[in-house]
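Engineer: Data: target-v8.cif, mmCIF, C-alpha atoms and all ligand atoms.
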```
data_start
#
loop_
_atom_site.label_atom_id
_atom_site.label_comp_id
_atom_site.auth_asym_id
_atom_site.auth_seq_id
_atom_site.Cartn_x
_atom_site.Cartn_y
_atom_site.Cartn_z
CA MET A 2 0.00 0.00 0.00
CA ASN A 3 1.43 3.38 -0.98
CA GLY A 4 1.19 6.55 1.04
CA ASN A 5 2.02 7.91 4.45
CA MET A 6 0.70 7.26 7.93
CA LYS A 7 0.85 8.85 11.36
CA ALA A 8 3.20 7.11 13.78
CA ILE A 9 4.83 7.73 17.16
CA VAL A 10 8.52 7.75 16.36
CA LYS A 11 11.31 7.35 18.89
CA HIS A 12 13.18 10.02 17.01
CA HIS A 13 16.46 10.38 18.95
CA ARG A 14 18.65 8.84 21.65
CA GLY A 15 17.10 10.74 24.56
CA PRO A 16 13.80 11.23 26.41
CA GLY A 17 10.54 11.69 24.48
CA ALA A 18 9.08 10.77 21.10
CA GLN A 19 7.40 12.56 18.17
CA LEU A 20 4.20 12.11 16.17
CA GLN A 21 5.44 12.00 12.57
CA GLU A 22 4.23 11.25 9.04
CA VAL A 23 6.16 8.20 7.83
CA PRO A 24 5.71 5.86 4.83
CA ILE A 25 3.23 2.99 5.27
CA PRO A 26 5.47 -0.11 5.69
CA GLU A 27 5.92 -2.45 2.72
CA ILE A 28 5.28 -6.13 3.32
CA SER A 29 7.46 -9.05 2.26
CA GLU A 30 6.02 -12.31 0.88
CA ASP A 31 5.41 -13.88 4.31
CA GLU A 32 4.01 -10.75 5.99
CA VAL A 33 0.67 -9.01 6.36
CA LEU A 34 -0.20 -5.33 6.63
CA ILE A 35 -2.57 -4.51 9.49
CA LYS A 36 -4.63 -1.37 10.06
CA VAL A 37 -4.24 -0.74 13.80
CA LYS A 38 -7.53 -0.26 15.71
CA ALA A 39 -6.13 -0.06 19.25
CA THR A 40 -2.62 -0.08 20.67
CA SER A 41 -1.80 -0.07 24.38
CA ILE A 42 1.19 1.36 26.23
CA CYS A 43 3.44 -1.19 27.94
CA GLY A 44 6.00 -0.59 30.69
CA THR A 45 8.66 -1.42 28.09
CA ASP A 46 7.42 1.49 25.97
CA VAL A 47 7.75 3.77 29.00
CA HIS A 48 11.40 2.70 29.43
CA ILE A 49 12.00 3.53 25.75
CA TYR A 50 10.10 6.84 25.98
CA ASN A 51 11.98 7.90 29.15
CA TRP A 52 15.26 6.61 27.70
CA ASP A 53 16.85 4.65 30.56
CA GLU A 54 20.06 2.58 30.58
CA TRP A 55 18.29 -0.54 29.25
CA SER A 56 16.73 1.23 26.26
CA ALA A 57 19.99 3.06 25.47
CA SER A 58 21.72 -0.32 25.24
CA ARG A 59 18.95 -2.04 23.22
CA VAL A 60 17.02 0.17 20.77
CA HIS A 61 18.16 2.09 17.69
CA PRO A 62 16.26 5.31 16.93
CA PRO A 63 14.77 6.58 14.75
CA TYR A 64 12.06 3.92 14.62
CA VAL A 65 8.35 3.36 15.38
CA PHE A 66 7.90 1.69 18.77
CA GLY A 67 4.90 -0.03 20.46
CA HIS A 68 4.01 -3.74 20.36
CA GLU A 69 0.54 -4.34 21.88
CA PHE A 70 -2.33 -3.96 19.43
CA SER A 71 -5.40 -5.23 17.67
CA GLY A 72 -6.37 -4.46 14.10
CA GLU A 73 -7.64 -5.54 10.72
CA VAL A 74 -5.62 -7.25 8.00
CA VAL A 75 -5.64 -5.05 4.87
CA GLU A 76 -3.00 -6.71 2.67
CA VAL A 77 -1.29 -10.14 2.63
CA GLY A 78 2.06 -11.28 1.16
CA GLU A 79 2.26 -13.69 -1.80
CA ILE A 80 2.90 -16.85 0.23
CA VAL A 81 0.47 -16.09 3.08
CA SER A 82 -2.41 -18.55 2.79
CA ASN A 83 -4.11 -18.52 6.21
CA TYR A 84 -5.04 -14.82 6.50
CA GLN A 85 -7.11 -12.55 4.30
CA PRO A 86 -7.99 -8.86 4.22
CA GLY A 87 -10.71 -8.22 6.79
CA ASP A 88 -9.39 -10.68 9.40
CA TYR A 89 -9.36 -9.29 12.95
CA VAL A 90 -6.02 -10.01 14.64
CA SER A 91 -3.50 -9.31 17.38
CA ALA A 92 0.05 -10.67 17.49
CA GLU A 93 2.60 -12.46 19.60
CA THR A 94 5.47 -9.99 19.94
CA HIS A 95 8.39 -12.42 20.15
CA LEU A 96 9.92 -13.08 16.75
CA ILE A 97 11.64 -16.45 17.06
CA CYS A 98 14.32 -18.18 14.96
CA GLY A 99 12.83 -21.68 14.68
CA HIS A 100 16.22 -23.46 14.71
CA CYS A 101 17.93 -22.91 18.09
CA PRO A 102 17.91 -25.78 20.67
CA GLN A 103 14.85 -24.32 22.46
CA CYS A 104 12.84 -23.75 19.27
CA LEU A 105 13.63 -27.31 18.13
CA VAL A 106 11.81 -28.70 21.18
CA GLY A 107 8.88 -26.27 20.95
CA GLN A 108 10.05 -23.92 23.73
CA TYR A 109 9.64 -20.93 21.44
CA HIS A 110 9.16 -18.40 24.25
CA ILE A 111 12.80 -18.89 25.31
CA CYS A 112 14.26 -18.87 21.79
CA GLU A 113 17.89 -17.77 22.16
CA ASN A 114 17.58 -15.50 19.13
CA THR A 115 14.37 -13.72 20.19
CA LYS A 116 13.64 -10.32 18.70
CA ILE A 117 10.80 -8.21 20.03
CA ILE A 118 8.39 -6.25 17.82
CA GLY A 119 8.62 -2.52 18.55
CA VAL A 120 11.90 -2.98 20.43
CA ASP A 121 14.19 -4.61 17.86
CA THR A 122 11.90 -4.02 14.83
CA GLN A 123 9.31 -1.46 13.67
CA GLY A 124 6.30 -1.36 16.00
CA CYS A 125 2.60 -0.60 16.08
CA PHE A 126 2.21 2.93 17.54
CA ALA A 127 1.00 3.81 14.06
CA GLU A 128 -1.93 3.60 11.68
CA TYR A 129 -0.43 0.49 10.06
CA VAL A 130 2.03 -2.24 11.02
CA ALA A 131 3.66 -4.98 8.91
CA LEU A 132 4.20 -8.34 10.64
CA PRO A 133 5.02 -11.96 9.76
CA ALA A 134 1.78 -13.94 9.33
CA SER A 135 3.29 -16.62 11.59
CA ASN A 136 3.01 -14.27 14.60
CA LEU A 137 -0.66 -13.36 14.19
CA TRP A 138 -3.43 -14.34 16.57
CA ARG A 139 -7.01 -14.43 15.31
CA ASN A 140 -9.48 -12.59 17.58
CA PRO A 141 -13.14 -13.42 18.15
CA ALA A 142 -15.19 -10.99 16.03
CA ASP A 143 -17.09 -9.67 19.06
CA MET A 144 -14.02 -8.88 21.20
CA PRO A 145 -13.69 -5.09 21.67
CA SER A 146 -10.51 -3.68 20.11
CA ASP A 147 -9.14 -2.30 23.40
CA ILE A 148 -9.47 -5.68 25.13
CA ALA A 149 -7.96 -7.48 22.13
CA SER A 150 -4.96 -5.12 22.29
CA ILE A 151 -4.04 -6.11 25.85
CA GLN A 152 -3.94 -9.88 25.30
CA GLU A 153 -0.15 -9.81 24.99
CA PRO A 154 0.49 -8.35 28.49
CA MET A 155 -2.37 -10.42 29.88
CA GLY A 156 -0.43 -13.38 28.50
CA ASN A 157 2.43 -12.43 30.82
CA ALA A 158 0.01 -12.46 33.76
CA VAL A 159 -1.53 -15.79 32.74
CA HIS A 160 1.88 -17.40 32.11
CA THR A 161 3.08 -16.27 35.56
CA VAL A 162 0.01 -17.27 37.58
CA LEU A 163 -0.76 -20.55 35.80
CA ASN A 164 2.82 -21.86 35.70
CA GLY A 165 2.00 -24.12 38.66
CA GLU A 166 -0.97 -25.07 40.85
CA VAL A 167 -3.28 -22.25 41.93
CA ALA A 168 -6.69 -23.75 42.78
CA GLY A 169 -7.40 -23.61 46.50
CA MET A 170 -4.13 -21.84 47.21
CA SER A 171 -3.15 -18.45 48.58
CA VAL A 172 -1.55 -16.16 45.97
CA ALA A 173 0.27 -12.87 46.52
CA VAL A 174 0.75 -10.44 43.65
CA ILE A 175 3.62 -8.08 44.48
CA GLY A 176 3.45 -4.97 42.28
CA CYS A 177 0.08 -3.86 40.91
CA GLY A 178 0.97 -2.32 37.57
CA PRO A 179 -1.28 -3.41 34.69
CA ILE A 180 0.17 -6.95 34.54
CA GLY A 181 -0.09 -7.35 38.31
CA LEU A 182 -3.71 -6.19 38.16
CA MET A 183 -4.50 -8.78 35.50
CA ALA A 184 -2.62 -11.43 37.53
CA ALA A 185 -4.96 -10.77 40.45
CA GLY A 186 -7.95 -11.39 38.16
CA VAL A 187 -6.41 -14.55 36.70
CA ALA A 188 -5.56 -15.96 40.16
CA LYS A 189 -9.13 -15.40 41.34
CA ALA A 190 -10.55 -16.99 38.17
CA ALA A 191 -8.21 -19.97 38.61
CA GLY A 192 -9.69 -20.69 42.02
CA ALA A 193 -7.16 -19.17 44.42
CA SER A 194 -8.54 -19.17 47.97
CA GLN A 195 -6.96 -15.80 48.71
CA VAL A 196 -5.42 -13.17 46.43
CA LEU A 197 -3.24 -10.64 48.25
CA ALA A 198 -2.34 -7.54 46.22
CA ILE A 199 0.67 -5.59 47.47
CA ASP A 200 1.78 -2.15 46.28
CA LEU A 201 2.60 1.38 47.47
CA ASN A 202 0.10 3.08 45.15
CA PRO A 203 -3.42 3.38 46.68
CA TYR A 204 -5.01 4.05 43.25
CA ARG A 205 -3.66 0.79 41.86
CA LEU A 206 -4.55 -1.13 45.04
CA GLU A 207 -8.18 -0.06 44.58
CA LEU A 208 -8.04 -1.33 40.97
CA ALA A 209 -6.59 -4.62 42.29
CA LYS A 210 -9.65 -5.01 44.51
CA GLU A 211 -11.91 -4.45 41.49
CA MET A 212 -9.93 -7.06 39.56
CA GLY A 213 -10.45 -9.74 42.20
CA ALA A 214 -7.89 -9.27 45.00
CA THR A 215 -9.40 -10.47 48.29
CA THR A 216 -7.03 -8.36 50.42
CA ILE A 217 -4.97 -5.31 49.53
CA ILE A 218 -1.79 -4.51 51.45
CA HIS A 219 -0.34 -1.00 51.34
CA ALA A 220 3.39 -1.73 51.70
CA GLY A 221 4.06 1.78 52.99
CA GLU A 222 1.60 1.47 55.87
CA GLN A 223 1.70 -2.23 56.76
CA ASP A 224 4.53 -4.78 56.86
CA PRO A 225 3.62 -7.03 53.91
CA VAL A 226 5.42 -10.08 55.38
CA ASP A 227 3.69 -9.81 58.78
CA GLU A 228 0.35 -9.17 57.13
CA ALA A 229 0.72 -12.09 54.68
CA ARG A 230 1.67 -14.46 57.53
CA ARG A 231 -1.27 -13.23 59.64
CA LEU A 232 -3.66 -13.89 56.76
CA THR A 233 -2.31 -17.44 56.27
CA ASN A 234 -2.39 -18.60 59.90
CA GLY A 235 1.32 -17.94 60.23
CA HIS A 236 2.33 -20.38 57.48
CA GLY A 237 3.00 -18.02 54.58
CA VAL A 238 1.69 -17.71 51.02
CA ASP A 239 1.63 -20.64 48.57
CA VAL A 240 2.30 -18.74 45.33
CA ILE A 241 4.16 -15.43 44.92
CA CYS A 242 3.84 -13.54 41.64
CA GLU A 243 6.70 -11.03 41.69
CA MET A 244 5.85 -8.11 39.43
CA SER A 245 7.47 -5.16 41.19
CA GLY A 246 11.18 -5.55 40.40
CA HIS A 247 11.90 -3.65 43.61
CA PRO A 248 14.73 -5.25 45.64
CA VAL A 249 12.98 -4.77 49.01
CA ALA A 250 9.63 -6.05 47.72
CA MET A 251 11.31 -9.04 46.07
CA ASP A 252 13.03 -10.00 49.31
CA GLN A 253 9.70 -9.70 51.12
CA GLY A 254 8.20 -12.13 48.61
CA PHE A 255 10.81 -14.74 49.50
CA LYS A 256 10.18 -14.07 53.20
CA MET A 257 6.39 -14.52 52.91
CA VAL A 258 6.36 -17.66 50.74
CA THR A 259 5.46 -20.87 52.59
CA ASN A 260 7.71 -23.94 52.76
CA GLY A 261 7.44 -25.82 49.47
CA GLY A 262 5.81 -22.82 47.80
CA ARG A 263 6.46 -21.20 44.44
CA VAL A 264 7.92 -17.81 43.55
CA SER A 265 7.37 -16.87 39.90
CA ILE A 266 9.28 -13.77 38.82
CA LEU A 267 8.09 -11.74 35.83
CA SER A 268 9.59 -8.39 36.89
CA LEU A 269 12.90 -7.08 35.58
CA PRO A 270 14.95 -5.60 38.45
CA THR A 271 17.40 -3.05 37.07
CA GLN A 272 20.15 -4.13 39.49
CA PRO A 273 21.29 -7.36 41.19
CA VAL A 274 19.03 -8.24 44.13
CA THR A 275 20.22 -9.65 47.48
CA LEU A 276 18.26 -12.66 48.78
CA ASP A 277 18.71 -14.97 51.77
CA VAL A 278 19.20 -18.11 49.66
CA THR A 279 19.94 -20.34 52.66
CA ASN A 280 16.87 -19.56 54.74
CA ASP A 281 14.34 -18.34 52.18
CA ILE A 282 15.00 -20.72 49.26
CA VAL A 283 16.99 -23.83 50.24
CA PHE A 284 15.66 -24.62 53.72
CA LYS A 285 12.13 -23.77 52.57
CA GLY A 286 12.43 -26.11 49.60
CA ILE A 287 10.66 -23.65 47.33
CA THR A 288 10.50 -23.48 43.54
CA VAL A 289 11.71 -20.28 41.87
CA GLN A 290 10.68 -19.62 38.28
CA GLY A 291 11.75 -16.98 35.78
CA ILE A 292 8.83 -16.11 33.51
CA THR A 293 9.46 -14.65 30.08
CA GLY A 294 6.98 -13.94 27.32
CA ARG A 295 4.04 -16.21 26.62
CA LYS A 296 4.08 -19.93 25.75
CA MET A 297 3.48 -20.04 22.01
CA TYR A 298 0.64 -20.55 21.71
CA GLU A 299 -0.73 -22.29 24.77
CA THR A 300 -0.80 -19.03 26.76
CA TRP A 301 -2.67 -17.22 23.96
CA GLN A 302 -5.36 -19.89 24.01
CA GLN A 303 -5.74 -19.51 27.78
CA VAL A 304 -5.93 -15.71 27.52
CA SER A 305 -8.50 -15.78 24.74
CA ARG A 306 -10.71 -18.26 26.63
CA LEU A 307 -10.48 -16.43 29.97
CA LEU A 308 -11.48 -13.16 28.27
CA HIS A 309 -14.14 -14.56 25.97
CA SER A 310 -15.82 -16.58 28.73
CA GLY A 311 -15.92 -13.51 30.98
CA GLN A 312 -14.01 -15.37 33.73
CA VAL A 313 -11.53 -12.50 33.77
CA ASN A 314 -12.98 -9.04 33.24
CA VAL A 315 -10.21 -6.60 32.34
CA GLU A 316 -12.48 -3.60 31.89
CA PRO A 317 -11.77 -2.09 35.35
CA MET A 318 -8.06 -1.85 34.59
CA ILE A 319 -8.39 -0.24 31.14
CA THR A 320 -8.67 3.27 32.56
CA HIS A 321 -7.76 5.61 29.69
CA HIS A 322 -8.56 5.86 25.98
CA LEU A 323 -6.59 8.45 23.98
CA SER A 324 -5.90 9.29 20.35
CA LEU A 325 -2.46 8.59 18.91
CA ALA A 326 -1.77 12.36 18.97
CA GLU A 327 -2.34 12.41 22.75
CA PHE A 328 0.47 9.92 23.38
CA GLU A 329 2.43 12.32 25.62
CA LYS A 330 -0.48 12.43 28.05
CA GLY A 331 -0.53 8.62 28.03
CA PHE A 332 3.15 8.37 28.93
CA GLN A 333 2.71 11.01 31.63
CA LEU A 334 -0.11 8.96 33.20
CA MET A 335 2.06 5.83 33.09
CA ASN A 336 5.01 7.64 34.67
CA GLU A 337 2.79 8.99 37.45
CA GLY A 338 1.11 5.61 38.04
CA LYS A 339 -2.31 7.27 37.88
CA CYS A 340 -3.71 4.72 35.47
CA GLY A 341 -4.31 1.09 34.75
CA LYS A 342 -3.90 0.35 31.08
CA VAL A 343 -3.74 3.26 28.61
CA VAL A 344 -5.05 2.46 25.13
CA LEU A 345 -4.32 4.64 22.09
CA HIS A 346 -6.70 4.65 19.12
CA PRO A 347 -5.02 5.64 15.80
ZN ZN B 401 15.06 -20.06 18.44
#
```
Transcribe the structure of this file into structure tokens.
Ligand code: ZN

Structural biologist:
Amino acid sequence: MNGNMKAIVKHHRGPGAQLQEVPIPEISEDEVLIKVKATSICGTDVHIYNWDEWSASRVHPPYVFGHEFSGEVVEVGEIVSNYQPGDYVSAETHLICGHCPQCLVGQYHICENTKIIGVDTQGCFAEYVALPASNLWRNPADMPSDIASIQEPMGNAVHTVLNGEVAGMSVAVIGCGPIGLMAAGVAKAAGASQVLAIDLNPYRLELAKEMGATTIIHAGEQDPVDEARRLTNGHGVDVICEMSGHPVAMDQGFKMVTNGGRVSILSLPTQPVTLDVTNDIVFKGITVQGITGRKMYETWQQVSRLLHSGQVNVEPMITHHLSLAEFEKGFQLMNEGKCGKVVLHP
């Protein structure tokens, strides 16, 4: 398709971004062109917008960023046979190699050559995005575009919570950003007996309650470890979903987990974290898991079913709808933590 489109461009190696007119991307034979209906702001996008150490070492401006979206296929490459113009899709954001040892055994989410859409390649904060057909996910026709756009981060929440037993267990979600909020909803839907939501931000703790948390713990006013032990008859929490990345909060998670419990870490601490391995991991006999991406495509199936059945209602945590041109306001809300999920509509 010829012509130009509006896009949010990470235009230089420094803070900020610009709304620019750029050419509509051309597709190769195995790609599709998608008209973006909704695109949501991820914490990763905030790192790139703010320009921290991680983004300075990883991304190469100028380029279009953003990776969470839903939209309509408008053009397909010559060898694409399973999608047609008019199809309603979202996409897995990990581009995998298909030939490394992990890919060869179907562990695509830990491909050693992973590239991420909108981080390592052109993204979807734009009117159109070009993507390999192999990464697309077909959406139910009646799924609203904003909800369809947040399936990728919800996949992170689902992968974290459901990577072990949950039914009948106590679950603590540490860090109530958008993924933590969704994790609370997933844990409740999966039959957790208690869902403790822990954060410093009262606005987000209230959202956690709406999402399904049975108890909220304000870490600035209460000791989360004492409180978690009190709520579990002194034994500690069965499953910890670590989504804060804060060294103190992470350590508290290992202190509040019960003997034989599970700590699943999705967060990305920016510095090495000190833990009491002897007392909090070894002698407790716990399982510690690193969680990256979404299982391709088992997690996507779980997300789609949980949303479509209504077992998880994400509407309370989609708090802001903005136009693409209002992106600066969106990033400001994210930086201030005065929002759940912010969705942009090109
Ligand atoms: Zn691979």

Engineer: For Gln152 in chain A, list every protein, DNA or RNA residue within 8 Å, evaluated using all atoms listed in the file, and leave out those in the same chain fewer than 6 positions away; present the list as a list in words.

Structural biologist: Glu69, Ser91, Trp301, Val304 and Ser305 of chain A

Engineer: Find the distance between CA of Leu206 in chain A and CA of Gly338 in chain A and write it in Å to one decimal.

Structural biologist: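 Between CA of Leu206 in chain A and CA of Gly338 in chain A the gap is 11.2 Å.
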
Engineer: Counting only C-alpha atoms, select every polymer residue within 9 Å of (-6.1, -6.2, 21.5) as defined in the file's coordinates, and provide the selection as JSON, numbers by chain.

Structural biologist: {"A": [38, 39, 40, 41, 69, 70, 71, 72, 90, 91, 92, 140, 144, 145, 146, 147, 148, 149, 150, 151, 152, 153]}

Engineer: So, with only C-alpha atoms as the atoms that count, which of A:Ala214, A:Leu132, A:Asp121, A:Cys101 lies closest to Val77 in chain A?

Structural biologist: A:Leu132

Engineer: Please compute the CA of Ile319 in chain A-CA of Val187 in chain A distance, one decimal, in Å.

Structural biologist: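 Computing it gives 15.5 Å between the two atoms.
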
Engineer: Could you check the closest approach to Glu222 in chain A for each of A:Ser56, A:Ser245, A:Thr279, A:Asn202 and tell me which residue wins, using only C-alpha atoms?

Structural biologist: A:Asn202

Engineer: Find the residues near Val47 in chain A: any atom within 7 Å, counting only C-alpha atoms, skip ones fewer than 4 places away on the same chain, and give them as a PDB file with C-alpha atoms, keeping the file's coordinate frame.

Structural biologist:
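Dumped everything to around-v2.pdb:
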```
ATOM      1  CA  CYS A  43       3.440  -1.190  27.940  1.00  0.00           C
ATOM      2  CA  ASN A  51      11.980   7.900  29.150  1.00  0.00           C
ATOM      3  CA  PHE A 332       3.150   8.370  28.930  1.00  0.00           C
TER       4      PHE A 332
END
```

Engineer: Counting all atoms listed in the file, which protein, DNA or RNA residues come within 10 Å of ligand ZN 401 (chain B), given as a list of chain:residue names?

Structural biologist: A:Leu96, A:Ile97, A:Cys98, A:Gly99, A:His100, A:Cys101, A:Pro102, A:Gln103, A:Cys104, A:Leu105, A:Val106, A:Gly107, A:Gln108, A:Tyr109, A:His110, A:Ile111, A:Cys112, A:Glu113, A:Asn114, A:Thr115, A:Lys116

Engineer: For a quick check of understanding, using all atoms listed in the file, which of A:Tyr50, A:Glu73, A:Trp138, A:His12 has the smallest distance to Met297 in chain A?

Structural biologist: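 Closest to Met297 in chain A of all the choices is A:Trp138.
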
Engineer: Of the candidates A:Gln333, A:Asn234, A:Gln195, A:Thr293, which one gets nearest to Ser171 in chain A if we count all atoms listed in the file?

Structural biologist: A:Gln195

Engineer: In file coordinates, which residues lie within 6 Å of (-4.1, -6.6, 50.3) using all atoms listed in the file, given as a VMD selection string?

Structural biologist: chain A and resid 197 to 199 216 to 218

Engineer: Tell me which of A:Lys210, A:Thr215, A:Gly178, A:Leu137 sits closest to Ser194 in chain A, counting all atoms listed in the file.

Structural biologist: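 Of all the options, A:Thr215 lies closest to Ser194 in chain A.
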
Engineer: At a cut-off of 7 Å, using only C-alpha atoms, what residues contact Pro317 in chain A? Leave out same-chain residues fewer than 6 positions from it and give the result as a list in words.

Structural biologist: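 Answer for this query is Leu208, Glu211 and Met212 of chain A.
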
Engineer: Using all atoms listed in the file, which of A:Ala229, A:Met155, A:Val289, A:Val258 sits nearest Leu308 in chain A?

Structural biologist: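 Using all atoms listed in the file, Leu308 in chain A sits closest to A:Met155.
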
Engineer: State, in Å with one decimal place, the distance from CA of Val174 in chain A to CA of Pro141 in chain A.

Structural biologist: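 Atom-to-atom, CA of Val174 in chain A to CA of Pro141 in chain A, that is 29.2 Å.
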